[in-house]
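coords-v5.txt follows (compact mmCIF, C-alpha atoms):
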# COMPACT_ATOMS: atom_id res chain seq x y z
CA MET A 1 55.49 23.56 8.60
CA VAL A 2 57.81 21.15 10.40
CA ASN A 3 60.41 19.63 8.07
CA LEU A 4 59.97 15.93 8.80
CA TYR A 5 60.71 12.97 6.55
CA ARG A 6 60.87 9.18 6.95
CA ASP A 7 63.04 6.54 5.37
CA THR A 8 64.33 3.03 5.98
CA GLY A 9 68.04 2.56 6.37
CA VAL A 10 70.94 0.50 7.68
CA VAL A 11 73.14 1.92 10.43
CA LEU A 12 76.71 1.97 9.10
CA ARG A 13 78.49 3.56 12.06
CA THR A 14 78.03 5.77 15.09
CA HIS A 15 80.20 8.06 17.19
CA LYS A 16 79.71 10.00 20.37
CA LEU A 17 78.57 13.60 20.50
CA GLY A 18 78.62 15.48 23.76
CA GLU A 19 77.64 13.69 26.96
CA ALA A 20 74.58 11.72 25.83
CA ASP A 21 74.14 12.08 22.05
CA ARG A 22 75.42 10.20 19.03
CA ILE A 23 75.95 11.00 15.39
CA VAL A 24 74.53 8.09 13.40
CA THR A 25 75.46 7.40 9.77
CA LEU A 26 72.80 5.48 7.86
CA LEU A 27 72.51 4.24 4.29
CA THR A 28 68.87 4.83 3.39
CA ARG A 29 66.62 3.65 0.59
CA ARG A 30 65.56 7.02 -0.82
CA HIS A 31 68.03 9.57 0.55
CA GLY A 32 71.33 7.72 0.25
CA LYS A 33 73.78 8.35 3.08
CA VAL A 34 72.39 10.41 5.94
CA ARG A 35 74.28 11.64 9.01
CA ALA A 36 71.93 12.58 11.81
CA VAL A 37 72.02 13.32 15.52
CA ALA A 38 70.29 10.93 17.91
CA LYS A 39 69.79 12.93 21.08
CA GLY A 40 70.02 11.27 24.47
CA VAL A 41 70.55 7.76 23.09
CA ARG A 42 73.50 7.06 25.39
CA ARG A 43 71.31 7.46 28.45
CA THR A 44 69.89 4.28 29.98
CA SER A 45 66.42 5.80 29.73
CA SER A 46 66.64 6.25 25.95
CA ARG A 47 63.65 4.84 24.08
CA PHE A 48 65.52 3.82 20.95
CA GLY A 49 69.24 3.82 21.71
CA ALA A 50 69.60 0.05 21.22
CA ARG A 51 67.95 0.25 17.79
CA LEU A 52 70.60 2.63 16.47
CA GLU A 53 73.53 0.24 16.72
CA PRO A 54 75.65 -0.69 13.66
CA PHE A 55 73.98 -3.15 11.24
CA GLY A 56 70.48 -2.35 12.49
CA HIS A 57 67.87 -2.09 9.72
CA VAL A 58 65.44 0.57 10.87
CA ASP A 59 62.56 2.83 9.87
CA VAL A 60 63.54 6.36 10.90
CA GLN A 61 61.85 9.74 11.11
CA PHE A 62 64.15 12.73 10.70
CA TYR A 63 63.80 16.41 11.43
CA THR A 64 65.73 18.60 9.00
CA GLY A 65 68.27 20.64 10.96
CA ARG A 66 70.63 23.44 9.99
CA THR A 67 73.77 21.31 9.83
CA LEU A 68 72.78 17.77 10.76
CA ASP A 69 69.30 16.26 10.71
CA VAL A 70 67.84 15.01 13.99
CA ILE A 71 66.39 11.54 14.55
CA THR A 72 63.00 11.77 16.24
CA GLN A 73 61.55 8.25 15.88
CA VAL A 74 63.01 4.78 15.21
CA GLU A 75 61.31 1.45 14.54
CA THR A 76 63.18 -1.81 13.96
CA VAL A 77 62.70 -3.45 10.56
CA ASP A 78 65.35 -6.20 10.90
CA ALA A 79 67.54 -6.70 13.97
CA PHE A 80 70.58 -7.85 11.99
CA GLN A 81 72.92 -6.75 14.76
CA LEU A 82 71.70 -9.35 17.27
CA PRO A 83 73.06 -12.50 15.54
CA LEU A 84 76.05 -10.66 14.04
CA VAL A 85 77.57 -9.41 17.28
CA ALA A 86 77.41 -12.94 18.71
CA ASP A 87 79.77 -14.38 16.06
CA TYR A 88 83.23 -12.89 15.46
CA GLN A 89 83.56 -14.00 11.83
CA ARG A 90 80.15 -12.67 10.83
CA TYR A 91 80.66 -9.48 12.86
CA THR A 92 83.97 -8.63 11.18
CA ALA A 93 82.53 -9.40 7.73
CA ALA A 94 79.58 -7.12 8.46
CA SER A 95 81.99 -4.39 9.62
CA ALA A 96 83.86 -4.59 6.31
CA ILE A 97 80.55 -4.40 4.42
CA ALA A 98 79.45 -1.32 6.37
CA GLU A 99 82.81 0.41 5.88
CA THR A 100 82.79 -0.29 2.14
CA ALA A 101 79.24 1.04 1.79
CA ASP A 102 80.26 4.18 3.68
CA ARG A 103 83.20 4.73 1.31
CA LEU A 104 81.18 4.08 -1.84
CA SER A 105 78.39 6.48 -0.84
CA ALA A 106 80.61 9.52 -0.50
CA GLU A 107 77.95 12.15 -1.25
CA GLU A 108 75.30 12.58 1.43
CA GLY A 109 71.73 12.87 0.21
CA GLU A 110 72.42 11.17 -3.14
CA PRO A 111 70.16 8.10 -3.66
CA VAL A 112 72.10 4.84 -4.01
CA LEU A 113 69.27 2.31 -4.09
CA LYS A 114 71.29 -0.54 -5.59
CA LEU A 115 74.02 -0.19 -2.97
CA TYR A 116 71.41 -0.06 -0.21
CA LEU A 117 69.83 -3.29 -1.49
CA LEU A 118 73.26 -4.95 -1.73
CA VAL A 119 74.04 -4.04 1.88
CA CYS A 120 70.66 -5.28 3.14
CA GLY A 121 71.01 -8.54 1.23
CA ALA A 122 74.55 -9.18 2.49
CA LEU A 123 73.68 -8.43 6.12
CA ARG A 124 70.55 -10.56 5.89
CA SER A 125 72.60 -13.48 4.58
CA LEU A 126 75.23 -13.05 7.30
CA ALA A 127 72.58 -12.81 10.02
CA ALA A 128 70.88 -15.99 8.78
CA GLY A 129 74.19 -17.85 8.95
CA GLU A 130 73.29 -20.18 6.09
CA ARG A 131 76.32 -19.31 3.94
CA ASP A 132 80.01 -19.02 4.66
CA ALA A 133 80.68 -15.45 5.85
CA SER A 134 83.83 -15.11 3.77
CA LEU A 135 81.97 -15.99 0.57
CA VAL A 136 79.17 -13.55 1.41
CA LEU A 137 81.72 -10.78 1.98
CA ASP A 138 83.54 -11.43 -1.30
CA ALA A 139 80.26 -11.61 -3.20
CA PHE A 140 79.30 -8.22 -1.73
CA PHE A 141 82.69 -6.73 -2.66
CA LEU A 142 82.39 -7.92 -6.26
CA ARG A 143 78.82 -6.67 -6.68
CA ALA A 144 79.58 -3.36 -4.96
CA MET A 145 82.53 -2.85 -7.32
CA SER A 146 80.27 -3.65 -10.24
CA TYR A 147 77.82 -1.01 -8.97
CA ALA A 148 80.69 1.51 -8.73
CA GLY A 149 81.95 0.66 -12.24
CA TRP A 150 85.06 -1.18 -11.02
CA ALA A 151 84.08 -4.79 -11.72
CA PRO A 152 87.21 -6.84 -12.51
CA ALA A 153 87.42 -8.51 -15.92
CA LEU A 154 87.08 -12.23 -15.24
CA THR A 155 86.09 -13.90 -18.50
CA GLU A 156 87.84 -11.60 -20.98
CA CYS A 157 91.03 -9.55 -21.24
CA ALA A 158 90.71 -6.28 -19.33
CA ARG A 159 92.65 -4.41 -22.04
CA CYS A 160 91.66 -5.83 -25.44
CA GLY A 161 88.47 -7.76 -24.56
CA LEU A 162 89.71 -11.09 -25.95
CA PRO A 163 87.49 -13.87 -24.54
CA GLY A 164 89.20 -16.02 -21.92
CA PRO A 165 89.85 -17.64 -19.64
CA HIS A 166 93.31 -16.09 -19.30
CA VAL A 167 96.07 -17.10 -16.92
CA ALA A 168 97.31 -13.63 -15.89
CA PHE A 169 95.56 -11.17 -13.56
CA SER A 170 96.55 -7.58 -12.86
CA VAL A 171 94.80 -5.48 -10.24
CA ALA A 172 96.18 -2.25 -11.69
CA ALA A 173 95.10 -3.17 -15.24
CA GLY A 174 91.57 -4.18 -14.23
CA GLY A 175 91.54 -7.98 -14.11
CA SER A 176 92.40 -10.89 -16.40
CA MET A 177 95.03 -10.28 -19.07
CA CYS A 178 95.72 -12.17 -22.29
CA PRO A 179 99.34 -13.12 -23.13
CA ASP A 180 99.75 -10.14 -25.49
CA CYS A 181 98.46 -7.59 -22.99
CA ARG A 182 99.95 -9.02 -19.80
CA VAL A 183 101.79 -6.40 -17.75
CA PRO A 184 104.73 -6.83 -15.35
CA GLY A 185 103.63 -7.69 -11.84
CA SER A 186 100.66 -9.79 -12.94
CA VAL A 187 99.79 -12.83 -10.86
CA HIS A 188 98.67 -16.21 -12.14
CA PRO A 189 95.67 -17.44 -10.15
CA ALA A 190 94.47 -20.98 -10.72
CA PRO A 191 91.51 -21.30 -13.13
CA GLU A 192 89.21 -22.33 -10.28
CA VAL A 193 89.91 -18.99 -8.54
CA LEU A 194 88.48 -17.04 -11.47
CA ASP A 195 85.61 -19.53 -11.67
CA LEU A 196 84.83 -18.81 -8.01
CA LEU A 197 84.90 -15.04 -8.54
CA THR A 198 82.55 -15.37 -11.51
CA ALA A 199 80.20 -17.56 -9.48
CA LEU A 200 80.11 -15.06 -6.60
CA LEU A 201 79.50 -12.14 -8.94
CA HIS A 202 76.52 -13.88 -10.55
CA GLY A 203 75.12 -15.62 -7.47
CA GLU A 204 75.96 -19.20 -8.47
CA TRP A 205 76.12 -20.40 -4.87
CA PRO A 206 76.24 -24.19 -5.42
CA LEU A 207 79.44 -23.74 -7.43
CA ALA A 208 80.91 -21.23 -4.98
CA GLU A 209 80.21 -23.42 -1.94
CA SER A 210 81.82 -26.47 -3.55
CA THR A 211 85.25 -24.81 -3.71
CA GLN A 212 88.26 -25.63 -1.55
CA GLN A 213 89.63 -23.35 1.17
CA GLY A 214 92.83 -22.60 -0.77
CA THR A 215 90.78 -21.42 -3.74
CA ARG A 216 88.67 -19.19 -1.48
CA ARG A 217 91.77 -17.70 0.13
CA ASP A 218 93.32 -16.80 -3.23
CA ALA A 219 90.02 -15.37 -4.48
CA SER A 220 89.69 -13.24 -1.35
CA GLY A 221 93.17 -11.86 -1.94
CA LEU A 222 92.34 -10.75 -5.47
CA VAL A 223 89.01 -9.20 -4.46
CA ALA A 224 90.48 -7.28 -1.52
CA ALA A 225 93.41 -6.01 -3.57
CA HIS A 226 91.15 -4.93 -6.43
CA LEU A 227 88.72 -3.11 -4.14
CA GLN A 228 91.36 -1.25 -2.17
CA TRP A 229 93.21 -0.28 -5.35
CA HIS A 230 90.11 1.56 -6.57
CA LEU A 231 89.23 3.01 -3.17
CA GLU A 232 92.82 4.31 -3.02
CA ARG A 233 93.02 3.48 0.67
CA GLN A 234 93.00 0.49 2.99
CA LEU A 235 89.82 -0.74 4.62
CA ARG A 236 90.52 -0.55 8.36
CA SER A 237 88.16 -3.43 9.14
CA LEU A 238 89.48 -5.84 6.50
CA PRO A 239 92.60 -7.09 8.38
CA LEU A 240 90.29 -8.12 11.24
CA VAL A 241 88.10 -10.35 9.07
CA GLU A 242 88.46 -13.98 9.99
CA ARG A 243 88.89 -15.97 6.78
CA ARG A 244 87.95 -19.47 7.83
CA ALA A 245 85.56 -21.85 6.14
CA ARG A 246 82.88 -23.88 7.85
CA GLU A 247 84.07 -27.27 8.99
CA THR A 248 81.84 -28.88 6.36
CA ALA A 249 82.99 -26.64 3.53
CA VAL A 250 86.41 -28.22 2.91
CA PRO A 251 86.53 -31.98 2.37
CA SER A 252 89.48 -33.93 3.70
CA GLY A 253 92.09 -34.69 1.06
CA ALA A 254 91.85 -31.35 -0.72
CA SER A 255 93.87 -31.19 -3.91
CA PRO A 256 97.36 -29.64 -3.64
CA ARG A 257 96.52 -27.20 -6.41
CA ALA A 258 93.42 -25.85 -4.69
CA GLY A 259 94.96 -25.63 -1.23
CA GLY A 260 98.58 -25.02 -2.13
CA SER A 261 100.90 -22.36 -0.84
CA ALA A 262 100.45 -18.76 -1.81
CA THR A 263 102.82 -15.85 -2.18
CA ARG A 264 102.07 -12.46 -0.67
CA THR A 265 101.04 -9.71 -3.04
CA PRO A 266 101.87 -6.04 -2.34
CA GLU A 267 98.34 -5.65 -1.05
CA GLY A 268 99.03 -8.25 1.65
CA GLN A 269 96.71 -10.97 0.36
CA GLY A 270 97.52 -14.52 -0.75
CA VAL A 271 97.73 -15.17 -4.52
CA ARG A 272 100.16 -17.29 -6.52
CA GLY A 273 102.68 -15.13 -8.34
CA GLN A 274 104.26 -15.38 -11.73

The structure given in the file should be rewritten as structure tokens.
Amino acid sequence: MVNLYRDTGVVLRTHKLGEADRIVTLLTRRHGKVRAVAKGVRRTSSRFGARLEPFGHVDVQFYTGRTLDVITQVETVDAFQLPLVADYQRYTAASAIAETADRLSAEEGEPVLKLYLLVCGALRSLAAGERDASLVLDAFFLRAMSYAGWAPALTECARCGLPGPHVAFSVAAGGSMCPDCRVPGSVHPAPEVLDLLTALLHGEWPLAESTQQGTRRDASGLVAAHLQWHLERQLRSLPLVERRARETAVPSGASPRAGGSATRTPEGQGVRGQ
């Protein structure tokens, strides 16, 4: 009996194999991360080479091989890659999403349904272009960290659980810190920064989209630092992400507090220090 199976998945990355093949890494609904060979897809005569580009949402048939499975059929479910590659900001945000999903799904063949749904939702939102790409990316980071068990404490002290809001935030300690638990090196983000992070985590988009650019920049710094601390390595795609808001997102005459200067944290992101 031929060992065939089907699944839907998102293409996270690809790399060349031999003269005409590619190894494709997908995050699938039922089988988690799958690395499979797509034979002949680099030839101009390939029937499904264009469907196996990063960010493509596809229905795939696999043949179970000795080392790597082999892709035998591909049908497009959502062509997310078409609008994403046409816009630099959305493309770089999608690249950071794909890289994060790849890192969080370390074990191949282990189902990660929630992560798969998070990736599909984030790419769908980016492709639609209805929300600011930077906010979509940070919302994905926060929810992916929650899935992995690394969600930062935002409304209570990360150490003692005392209800907040608190003025100190420590990446190493896990989030907000009360005055008694505050550790050296903590930063002091503005209250609206923590409000924005909470809104993104829980999908409160009207509140998130009403924030100023300075608030978004500081929030992005905290999220990126927190994620990379737990991953224990830098995301290669993150420095390429363009952190700009839509022209309509930031009203003229933004308050100095929301758009004020920021100091550089060790992680290289903007957050006000002590």

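Separating CA of Met145 in chain A from CA of His230 in chain A is a distance of 8.8 Å.
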
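For the pair CA of Leu142 in chain A and CA of Leu200 in chain A, the interatomic distance is 7.5 Å.
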
When you look at Ala199 in chain A with a cut-off of 12 Å (counting all atoms listed in the file), what residues show up, excluding the ones that are within fewer than 4 positions of it in the same chain? I need them as a list in words. Leu135, Val136, Asp138, Ala139, Leu142, Arg143, Leu154, Thr155, Glu192, Val193, Leu194, Asp195, Gly203, Glu204, Trp205, Pro206, Leu207, Ala208, Glu209, Ser210, Thr211, Arg216 and Ala219 of chain A

Please check which residues have atoms at most 6 Å from (83.8, -15.9, 8.0) in the file's coordinates, counting all atoms listed in the file, and write them as a PyMOL selection string. chain A and resi 89-90+132-134+242-244

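You can rank A:Ala173, A:Ala122, A:Ala168, A:Ala153 by their closest distance to Val187 in chain A using only C-alpha atoms, and at the top of that list sits A:Ala168.
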
Please write range 78-128 of chain A of the preceding block to a file containing C-alpha atoms, as a CSV table (one decimal), in the first residue's frame?
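Final output, part14.csv:
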chain,number,residue,atom,x,y,z
A,78,ASP,CA,-5.2,31.0,0.0
A,79,ALA,CA,-2.7,32.8,-2.1
A,80,PHE,CA,-1.4,35.0,0.8
A,81,GLN,CA,2.0,35.4,-1.0
A,82,LEU,CA,0.6,37.5,-3.9
A,83,PRO,CA,-0.4,40.7,-1.9
A,84,LEU,CA,2.4,40.2,0.6
A,85,VAL,CA,5.3,40.2,-1.8
A,86,ALA,CA,4.0,43.4,-3.3
A,87,ASP,CA,4.4,45.5,-0.1
A,88,TYR,CA,7.7,45.6,1.8
A,89,GLN,CA,6.2,46.3,5.2
A,90,ARG,CA,3.8,43.4,5.0
A,91,TYR,CA,6.4,41.1,3.4
A,92,THR,CA,8.9,41.7,6.2
A,93,ALA,CA,6.2,41.2,8.9
A,94,ALA,CA,5.1,38.0,7.3
A,95,SER,CA,8.8,36.8,7.2
A,96,ALA,CA,9.1,37.4,10.9
A,97,ILE,CA,5.8,35.5,11.5
A,98,ALA,CA,7.1,32.5,9.4
A,99,GLU,CA,10.5,32.5,11.2
A,100,THR,CA,8.9,32.6,14.6
A,101,ALA,CA,6.5,29.8,13.8
A,102,ASP,CA,9.4,27.7,12.5
A,103,ARG,CA,11.3,28.3,15.8
A,104,LEU,CA,8.3,27.5,18.0
A,105,SER,CA,7.5,24.3,16.2
A,106,ALA,CA,10.8,22.6,16.8
A,107,GLU,CA,9.7,19.0,16.7
A,108,GLU,CA,8.6,17.8,13.2
A,109,GLY,CA,5.4,15.7,13.1
A,110,GLU,CA,4.0,17.1,16.4
A,111,PRO,CA,0.6,18.7,15.9
A,112,VAL,CA,0.5,22.4,16.8
A,113,LEU,CA,-3.0,23.3,15.8
A,114,LYS,CA,-3.2,26.6,17.7
A,115,LEU,CA,0.0,27.9,16.3
A,116,TYR,CA,-1.1,26.9,12.8
A,117,LEU,CA,-4.3,28.9,13.3
A,118,LEU,CA,-2.4,31.9,14.6
A,119,VAL,CA,-0.1,31.9,11.6
A,120,CYS,CA,-3.1,31.6,9.2
A,121,GLY,CA,-5.0,34.4,10.9
A,122,ALA,CA,-1.9,36.7,11.0
A,123,LEU,CA,-1.1,36.1,7.3
A,124,ARG,CA,-4.7,36.6,6.3
A,125,SER,CA,-4.9,39.9,8.1
A,126,LEU,CA,-1.6,41.1,6.5
A,127,ALA,CA,-2.8,40.0,3.1
A,128,ALA,CA,-6.1,41.9,3.5
